[in-house]
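Trainee: Before I ask anything, let me first share the structure, which is written out below as structure tokens.
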Amino acid sequence: MSEQHTHLFTLAVIAGVTAAAACASHVRQQRERTLADVRSVAETTQKVLLRPMPHHLGRLDIEALYLAAAAQARVGGDFYEALATVHGVRMIIGDVRGKGLPAVGMASAILGCFREAAYDEPDLARLARRLDVSTSRYTALLPGDRMESFATALLVEIPDDGSVVGIVNLGHPPPLLLSAGMIREVTPTAPSPPINMGALIGEGYRIDTFSFAAEDQLLLYTDGVTETRDYSGAFFPLVRHAGQWDADSPSRLLGQLHSDLVHYSRGRLDDDIAAIAVRAVVATAPTRA
């Protein structure tokens with residue numbers, strides 16, 4: 001090959017490599033812009049779905065925690081809400097089966113119904129039934145098997161004038177009650193069907209009640225907490241860790257939960273996590289003029 005041909009070949013190779021690098025850079029930039037757009041939509045969707053939790057409702061201090069399992073735009077179906085009603089503070093926390101936009105759509109439908117029905121229904125059993133009926137109507141409009149779409153949830157009611165908590169457990173992990181240095185799982189005395197499963201397995205909703213004195217705390221959470229795994233695959237022992245916490249406020253309680261989950265999983269969370277911590281505040285007598 002002549003020197004001229006060698007020079008032309010070298011130039012052609014350089015030009016080809018430059019063009020390939022420019023094309024790869026363009027594709028990478030397009031992907032980064034697309035991912036940024038999707039992340040923005042996901043963050044906006046999550047903010048609309050999970051509105052900021054009030055820090056105080058009635059005689060309660062409240063804090064919420066939401067941890068996404070991945071930094072990329074994956075929106076899950078964990079949801080929660082707390083509302084002050086004439087019946088007291090009513091809360092919901094739940095987890096829709098599945099991931100992505102279908103789960104978000106169902107979570108949004110459930111929260112939309114709760115935000116309306118929580119003010120109207122006289123008790124939690126009626127509220128649970130209404131959520132089930134509303135969600136069934138929503139899933140009936142979706143393609144595929146509607147029975148594949150369901151959500152586990154906790155419905156909680158804490159009256160303003162009492163120290164008793166009412167709970168309906170719709171197939172959800174039991175909450176933890178932290179009272180006077182003791183920790184106990186509040187397990188249901190009878191099973192209630194998950195949301196959108198009432199027509200399949202019956203609409204028997206059981207309201208369980210227990211005392212909730214001043215300074216007591218209640219931890220509600222989704223199964224992403226107890227299904228967090230360590231390097232060996234063992235599940236996160238929530239009750240054992242909770243026994244080591246020294247939390248005198250909901251914010252500190254959730255901070256310790258967050259820290260323990262990250263440490264236990266070595267920063268690798270495989271599922272979205274939502275949690276609510278509630279503390280009963282000491283009632284103060286009204287001052288007289």
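Chain labels A, B, ... are given in the sequence in which chains occur in the structure tokens; within each chain residues are numbered consecutively from 1, and ligands are likewise numbered from 1 in the order shown.
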Do you have, as a tab-separated table, the list of residues of range 174-239 of chain A lying at most 7 Å from range 116-138 of chain A, each with its nearest atom pair and that distance in Å to one decimal, counting only C-alpha atoms and ordered by chain then number?
Mentor:
```
residue	atom	partner	partner_atom	distance
A:Ile195	CA	A:Asp132	CA	4.9
A:Asn196	CA	A:Asp132	CA	4.9
A:Gly198	CA	A:Asp132	CA	6.5
A:Glu203	CA	A:Arg129	CA	7.0
A:Tyr205	CA	A:Ala125	CA	5.4
A:Arg206	CA	A:Ala125	CA	6.8
A:Ile207	CA	A:Ala125	CA	6.7
```
Trainee: Find the residues near Asp78 in chain A: any atom within 7 Å, counting only C-alpha atoms, skip ones fewer than 3 places away on the same chain, and give them as a PyMOL selection string.
Mentor: chain A and resi 94-96+272+274
Trainee: Tell me which protein, DNA and RNA residues are within 12 Å of Arg240 in chain A, counting only C-alpha atoms, leaving out same-chain ones fewer than 4 positions away, and put them as a PyMOL selection string.
Mentor: chain A and resi 176+182-185+226+235-236+244-245+257+260
Trainee: Between CA of Arg268 in chain A and CA of Ser232 in chain A, what is the spacing in Å?
Mentor: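 Separation of CA of Ser232 in chain A and CA of Arg268 in chain A: 12.7 Å.
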Trainee: To one decimal in Å, tell me the separation between CA of Thr222 in chain A and CA of Arg90 in chain A.
Mentor: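 Going from CA of Thr222 in chain A over to CA of Arg90 in chain A, I get 17.3 Å.
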Trainee: Could you jot down the CA of Val164 in chain A to CA of Thr187 in chain A separation for me, Å, one decimal place?
Mentor: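 Value for the CA of Val164 in chain A-CA of Thr187 in chain A distance: 15.7 Å.
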Trainee: Of the candidates A:Pro193, A:Gly162, A:Pro174, A:Gly243, which one gets nearest to Ala213 in chain A if we count only C-alpha atoms?
Mentor: A:Gly162
Trainee: Would you please work out which residue, of A:Gly112, A:Gly88, A:Gly58, A:Gly202, is nearest to Glu157 in chain A when using only C-alpha atoms?
Mentor: A:Gly88
Trainee: Of the candidates A:Leu269, A:Ala277, A:Val282, A:Ala199, which one gets nearest to Ala68 in chain A if we count only C-alpha atoms?
Mentor: A:Leu269
Trainee: Using only C-alpha atoms, determine which residues lie at most 8 Å from Ala82 in chain A, disregarding the query and same-chain residues fewer than 4 positions distant; provide the list as an NGL selection string.
Mentor: :A and (53-54 or 89-92)
Trainee: Out of range 95-251 of chain A, which residues get helix (DSSP H, G or I) from DSSP, as number ranges by chain?
Mentor: A: 100-117, 124-140, 146-148, 198-201, 223-226, 238-242, 250-251
Trainee: Using only C-alpha atoms, can you tell me which of A:Tyr221, A:Leu238, A:Ser179, A:His87 comes closest to Gly166 in chain A?
Mentor: A:His87
Trainee: Residues of range 85-287 of chain A in strand (DSSP E) according to DSSP, as JSON, numbers by chain?
Mentor: {"A": [85, 88, 89, 90, 91, 92, 93, 94, 95, 96, 151, 152, 153, 154, 155, 156, 157, 158, 164, 165, 166, 167, 168, 169, 170, 176, 177, 178, 179, 182, 183, 184, 185, 208, 209, 210, 211, 217, 218, 219, 220, 221, 273, 274, 275, 276, 277, 278, 279, 280]}
Trainee: Atoms to include: C-alpha atoms. Write the selected residues as a short mmCIF file (atom, residue, chain, number, x, y, z; two decimals), in the first residue's frame.
Mentor:
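Once written, result35.cif looks like this:
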```
data_model
loop_
_atom_site.label_atom_id
_atom_site.label_comp_id
_atom_site.auth_asym_id
_atom_site.auth_seq_id
_atom_site.Cartn_x
_atom_site.Cartn_y
_atom_site.Cartn_z
CA THR A 85 -62.90 14.29 60.35
CA GLY A 88 -61.60 11.83 64.65
CA VAL A 89 -58.38 11.40 62.74
CA ARG A 90 -58.70 8.75 60.07
CA MET A 91 -55.67 7.29 58.32
CA ILE A 92 -54.94 4.82 55.57
CA ILE A 93 -51.71 3.16 54.50
CA GLY A 94 -51.54 0.51 51.82
CA ASP A 95 -49.71 -1.22 49.03
CA VAL A 96 -51.08 -2.06 45.59
CA ALA A 151 -54.30 -3.70 47.58
CA THR A 152 -53.60 -4.48 51.20
CA ALA A 153 -54.27 -1.62 53.61
CA LEU A 154 -54.79 -0.48 57.17
CA LEU A 155 -57.65 1.80 58.12
CA VAL A 156 -57.12 3.62 61.41
CA GLU A 157 -59.42 5.86 63.45
CA ILE A 158 -58.37 7.82 66.56
CA VAL A 164 -58.89 4.23 71.91
CA VAL A 165 -57.69 3.33 68.42
CA GLY A 166 -59.87 1.47 65.93
CA ILE A 167 -58.25 -0.51 63.10
CA VAL A 168 -59.48 -2.53 60.16
CA ASN A 169 -56.66 -4.66 58.75
CA LEU A 170 -57.26 -5.43 55.07
CA LEU A 176 -46.55 -1.75 65.95
CA LEU A 177 -47.70 -0.19 69.21
CA LEU A 178 -44.91 1.33 71.30
CA SER A 179 -46.24 1.90 74.80
CA MET A 182 -43.16 -2.26 75.43
CA ILE A 183 -43.65 -3.17 71.77
CA ARG A 184 -46.46 -5.22 70.41
CA GLU A 185 -47.76 -6.16 66.98
CA ASP A 208 -60.28 -4.09 66.39
CA THR A 209 -59.77 -1.56 69.17
CA PHE A 210 -57.00 -0.98 71.71
CA SER A 211 -55.99 1.76 74.13
CA GLN A 217 -46.70 5.73 69.46
CA LEU A 218 -48.10 3.74 66.56
CA LEU A 219 -46.04 2.68 63.54
CA LEU A 220 -47.86 1.86 60.31
CA TYR A 221 -45.80 0.53 57.41
CA ILE A 273 -41.33 1.67 51.47
CA ALA A 274 -43.96 3.81 53.16
CA ALA A 275 -44.46 4.35 56.88
CA ILE A 276 -46.47 6.58 59.21
CA ALA A 277 -45.59 7.22 62.85
CA VAL A 278 -48.26 8.61 65.18
CA ARG A 279 -47.82 9.83 68.75
CA ALA A 280 -50.55 10.69 71.25
#
```
Trainee: Hey, what's within 9 Å of Ser251 in chain A if we count only C-alpha atoms and toss same-chain stuff fewer than 5 positions away? As a count of residues only, please?
Mentor: 5
Trainee: Pick the closest to Tyr80 in chain A from A:Ala107, A:Met197, A:Leu67, A:Ala190: which is it, counting only C-alpha atoms?
Mentor: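 The shortest atom-to-atom distance to Tyr80 in chain A comes from A:Ala107.
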